[in-house]
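Colleague: Just so it is clear, I am handing over my_file-v4.txt, which has compact mmCIF, C-alpha atoms.
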```txt
# COMPACT_ATOMS: atom_id res chain seq x y z
CA MET A 1 6.22 -1.12 17.73
CA PRO A 2 4.43 -3.06 20.43
CA ASP A 3 1.86 -5.57 19.25
CA ARG A 4 -1.51 -3.92 19.97
CA PRO A 5 -4.95 -4.92 18.74
CA ILE A 6 -6.20 -3.05 15.70
CA ASP A 7 -9.67 -1.53 15.96
CA LEU A 8 -10.46 0.71 13.03
CA ALA A 9 -13.38 1.89 10.92
CA ALA A 10 -11.83 3.63 7.93
CA TYR A 11 -12.59 5.08 4.53
CA CYS A 12 -10.06 6.58 2.12
CA LYS A 13 -10.70 8.15 -1.26
CA GLN A 14 -7.95 10.18 -2.85
CA THR A 15 -6.24 11.06 -6.12
CA GLU A 16 -2.51 11.78 -6.38
CA GLU A 17 -0.87 14.21 -8.80
CA ASP A 18 0.55 11.35 -10.88
CA GLY A 19 -2.95 9.96 -11.59
CA PHE A 20 -2.80 7.20 -8.98
CA ARG A 21 -6.09 7.04 -7.11
CA GLU A 22 -7.72 4.77 -4.62
CA GLU A 23 -10.94 4.15 -2.76
CA ALA A 24 -10.86 1.86 0.24
CA THR A 25 -13.16 0.85 3.06
CA LEU A 26 -11.67 -1.14 5.92
CA ARG A 27 -13.19 -2.18 9.24
CA ILE A 28 -11.22 -4.18 11.81
CA THR A 29 -12.38 -5.23 15.27
CA ASN A 30 -9.76 -6.69 17.62
CA ASN A 31 -7.57 -7.72 14.65
CA VAL A 32 -10.46 -9.37 12.75
CA VAL A 33 -11.30 -7.84 9.38
CA ASP A 34 -15.08 -7.26 9.24
CA ALA A 35 -15.25 -5.23 6.01
CA LEU A 36 -12.88 -4.62 3.14
CA ASN A 37 -13.38 -3.14 -0.31
CA TRP A 38 -10.30 -1.66 -1.99
CA ARG A 39 -9.98 -0.43 -5.55
CA LEU A 40 -6.98 1.40 -6.90
CA TRP A 41 -6.22 2.94 -10.27
CA VAL A 42 -2.68 3.32 -11.62
CA ALA A 43 -3.04 6.47 -13.73
CA ASN A 44 -4.89 5.35 -16.87
CA ARG A 45 -2.97 2.06 -17.09
CA GLY A 46 -5.46 -0.07 -15.15
CA THR A 47 -6.95 -1.10 -11.81
CA CYS A 48 -6.76 -3.60 -8.98
CA HIS A 49 -9.77 -4.61 -6.90
CA PHE A 50 -10.05 -6.52 -3.63
CA GLU A 51 -13.23 -7.48 -1.70
CA LEU A 52 -13.48 -9.31 1.60
CA PRO A 53 -15.76 -12.17 0.37
CA ASP A 54 -12.90 -13.28 -1.93
CA PHE A 55 -10.49 -13.66 1.01
CA GLN A 56 -10.12 -15.66 4.20
CA GLN A 57 -8.25 -14.28 7.20
CA THR A 58 -5.34 -16.58 8.06
CA ARG A 59 -3.43 -14.51 10.66
CA THR A 60 -4.32 -11.92 13.28
CA ARG A 61 -0.89 -11.08 14.75
CA PRO A 62 1.59 -9.51 14.52
CA VAL A 63 0.42 -8.71 10.98
CA ILE A 64 -3.11 -9.45 9.77
CA GLU A 65 -3.05 -11.68 6.70
CA LEU A 66 -5.86 -12.56 4.32
CA ARG A 67 -5.45 -15.12 1.52
CA THR A 68 -7.64 -15.66 -1.50
CA ARG A 69 -10.25 -18.36 -1.07
CA ASP A 70 -9.45 -19.76 -4.53
CA GLY A 71 -6.07 -21.09 -3.33
CA GLY A 72 -4.03 -18.56 -5.31
CA SER A 73 -0.95 -16.76 -4.05
CA CYS A 74 -2.63 -13.36 -3.51
CA ARG A 75 -2.39 -12.08 0.06
CA LEU A 76 -3.52 -8.88 1.74
CA MET A 77 -1.46 -7.70 4.69
CA VAL A 78 -2.55 -5.18 7.36
CA TRP A 79 -0.31 -3.70 10.04
CA GLN A 80 -0.23 -0.78 12.45
CA GLU A 81 2.61 1.67 13.04
CA ARG A 82 2.99 5.21 14.35
CA GLY A 83 -0.58 6.46 14.06
CA ARG A 84 -1.56 4.66 10.90
CA VAL A 85 -2.81 1.31 9.64
CA THR A 86 -1.52 0.11 6.27
CA LEU A 87 -3.22 -2.28 3.83
CA ALA A 88 -1.00 -3.83 1.15
CA GLN A 89 -1.27 -6.57 -1.46
CA VAL A 90 1.32 -9.25 -2.23
CA ASP A 91 1.40 -11.46 -5.36
CA CYS A 92 -2.01 -10.30 -6.59
CA GLU A 93 -1.36 -10.01 -10.32
CA GLY A 94 -4.62 -11.84 -11.08
CA ARG A 95 -6.66 -9.13 -9.36
CA CYS A 96 -5.05 -6.33 -11.36
CA THR A 97 -4.92 -5.20 -14.95
CA PRO A 98 -1.86 -6.95 -16.45
CA GLY A 99 1.39 -5.06 -15.95
CA ILE A 100 0.37 -2.74 -13.12
CA GLN A 101 0.67 -4.93 -10.02
CA GLU A 102 4.17 -3.64 -9.25
CA SER A 103 2.76 -0.08 -9.18
CA ALA A 104 -0.16 -0.96 -6.88
CA TRP A 105 0.99 0.86 -3.74
CA PRO A 106 -0.45 0.22 -0.27
CA VAL A 107 -3.15 2.43 1.24
CA SER A 108 -2.70 3.89 4.73
CA PHE A 109 -5.34 5.09 7.16
CA ASP A 110 -4.91 7.54 10.01
CA THR A 111 -5.82 5.68 13.22
CA SER A 112 -7.42 8.70 14.88
CA SER A 113 -9.62 9.89 11.98
CA GLY A 114 -10.03 6.72 9.89
CA ARG A 115 -9.29 8.78 6.78
CA CYS A 116 -6.43 8.57 4.29
CA SER A 117 -2.97 8.92 5.77
CA SER A 118 0.00 10.23 3.85
CA ARG A 119 2.51 7.62 2.70
```
Write out the structure in this file as structure tokens.
Modeller:
Amino acid sequence: MPDRPIDLAAYCKQTEEDGFREEATLRITNNVVDALNWRLWVANRGTCHFELPDFQQTRTRPVIELRTRDGGSCRLMVWQERGRVTLAQVDCEGRCTPGIQESAWPVSFDTSSGRCSSR
């Protein structure tokens, strides 16, 4: 995929058949994250929660990267491909209920509607 700027105002709220659910707000202007609030639930095993004030953007291209301000290893990654923008977490055990981080799947947004995109 060519490296193009990401401009997106998105909101996704959905529940999957397996009990996984998520609610996410993401706003990006020219590869700069302006707003982010993402909460996901892994069935009834627990949650993860991410808010922009807890992160600092460290990269804008080719993948947007945000790192926790507390110096931890947690990173949020955002990238664009084929009509969708994906938000994923890496090494964020401390922001999740113990034992569910490996089940905390990314959230994808449709670039044309700003709503949830299928995985």
Colleague: Could you tell me which of A:Leu87, A:Ala43, A:Cys48, A:Ala35 comes closest to Ala9 of chain A if we count all atoms listed in the file?
Modeller: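 Nearest candidate to Ala9 of chain A out of A:Leu87, A:Ala43, A:Cys48, A:Ala35: A:Ala35.
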Colleague: Taking only C-alpha atoms into account, which of A:Arg95, A:Asp3, A:Phe20, A:Gly83 comes nearest Asn44 of chain A?
Modeller: A:Phe20
Colleague: If you measure from atom CA of Ser113 of chain A to atom CA of Ile64 of chain A, what distance in Å do you get, rounded to one decimal?
Modeller: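 Interatomic distance, atom CA of Ser113 of chain A to atom CA of Ile64 of chain A: 20.5 Å.
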Colleague: Hey, what's within 6 Å of Ala24 of chain A if we count all atoms listed in the file and toss same-chain stuff fewer than 3 positions away? As a PDB file with C-alpha atoms, in the coordinates of the input, please?
Modeller:
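Contents of part24.pdb, as written:
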```
ATOM      1  CA  TYR A  11     -12.590   5.080   4.530  1.00  0.00           C
ATOM      2  CA  CYS A  12     -10.060   6.580   2.120  1.00  0.00           C
ATOM      3  CA  ASN A  37     -13.380  -3.140  -0.310  1.00  0.00           C
ATOM      4  CA  TRP A  38     -10.300  -1.660  -1.990  1.00  0.00           C
TER       5      TRP A  38
END
```
Colleague: Under the rule that only C-alpha atoms are counted, which of A:Thr111, A:Asn31, A:Ser118, A:Thr15 is the nearest residue to Arg59 of chain A?
Modeller: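 Residue with the minimum atom-to-atom distance to Arg59 of chain A: A:Asn31.
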Colleague: Any idea what the distance is between atom CA of Asp54 of chain A and atom CA of Leu8 of chain A?
Modeller: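 Separation between atom CA of Asp54 of chain A and atom CA of Leu8 of chain A: 20.6 Å.
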Colleague: So what do you get for atom CA of Gly19 of chain A versus atom CA of Gln80 of chain A, distance-wise?
Modeller: 26.5 Å
Colleague: Leaving out Ser108 of chain A and any residue of its chain fewer than 2 positions from it, which residues lie within 7 Å of it when counting all atoms listed in the file, given as a PDB file with C-alpha atoms, in the coordinates of the input?
Modeller:
```pdb
ATOM      1  CA  ARG A  84      -1.560   4.660  10.900  1.00  0.00           C
ATOM      2  CA  VAL A  85      -2.810   1.310   9.640  1.00  0.00           C
ATOM      3  CA  THR A  86      -1.520   0.110   6.270  1.00  0.00           C
ATOM      4  CA  LEU A  87      -3.220  -2.280   3.830  1.00  0.00           C
ATOM      5  CA  PRO A 106      -0.450   0.220  -0.270  1.00  0.00           C
ATOM      6  CA  ASP A 110      -4.910   7.540  10.010  1.00  0.00           C
ATOM      7  CA  CYS A 116      -6.430   8.570   4.290  1.00  0.00           C
ATOM      8  CA  SER A 117      -2.970   8.920   5.770  1.00  0.00           C
ATOM      9  CA  SER A 118       0.000  10.230   3.850  1.00  0.00           C
ATOM     10  CA  ARG A 119       2.510   7.620   2.700  1.00  0.00           C
TER      11      ARG A 119
END
```
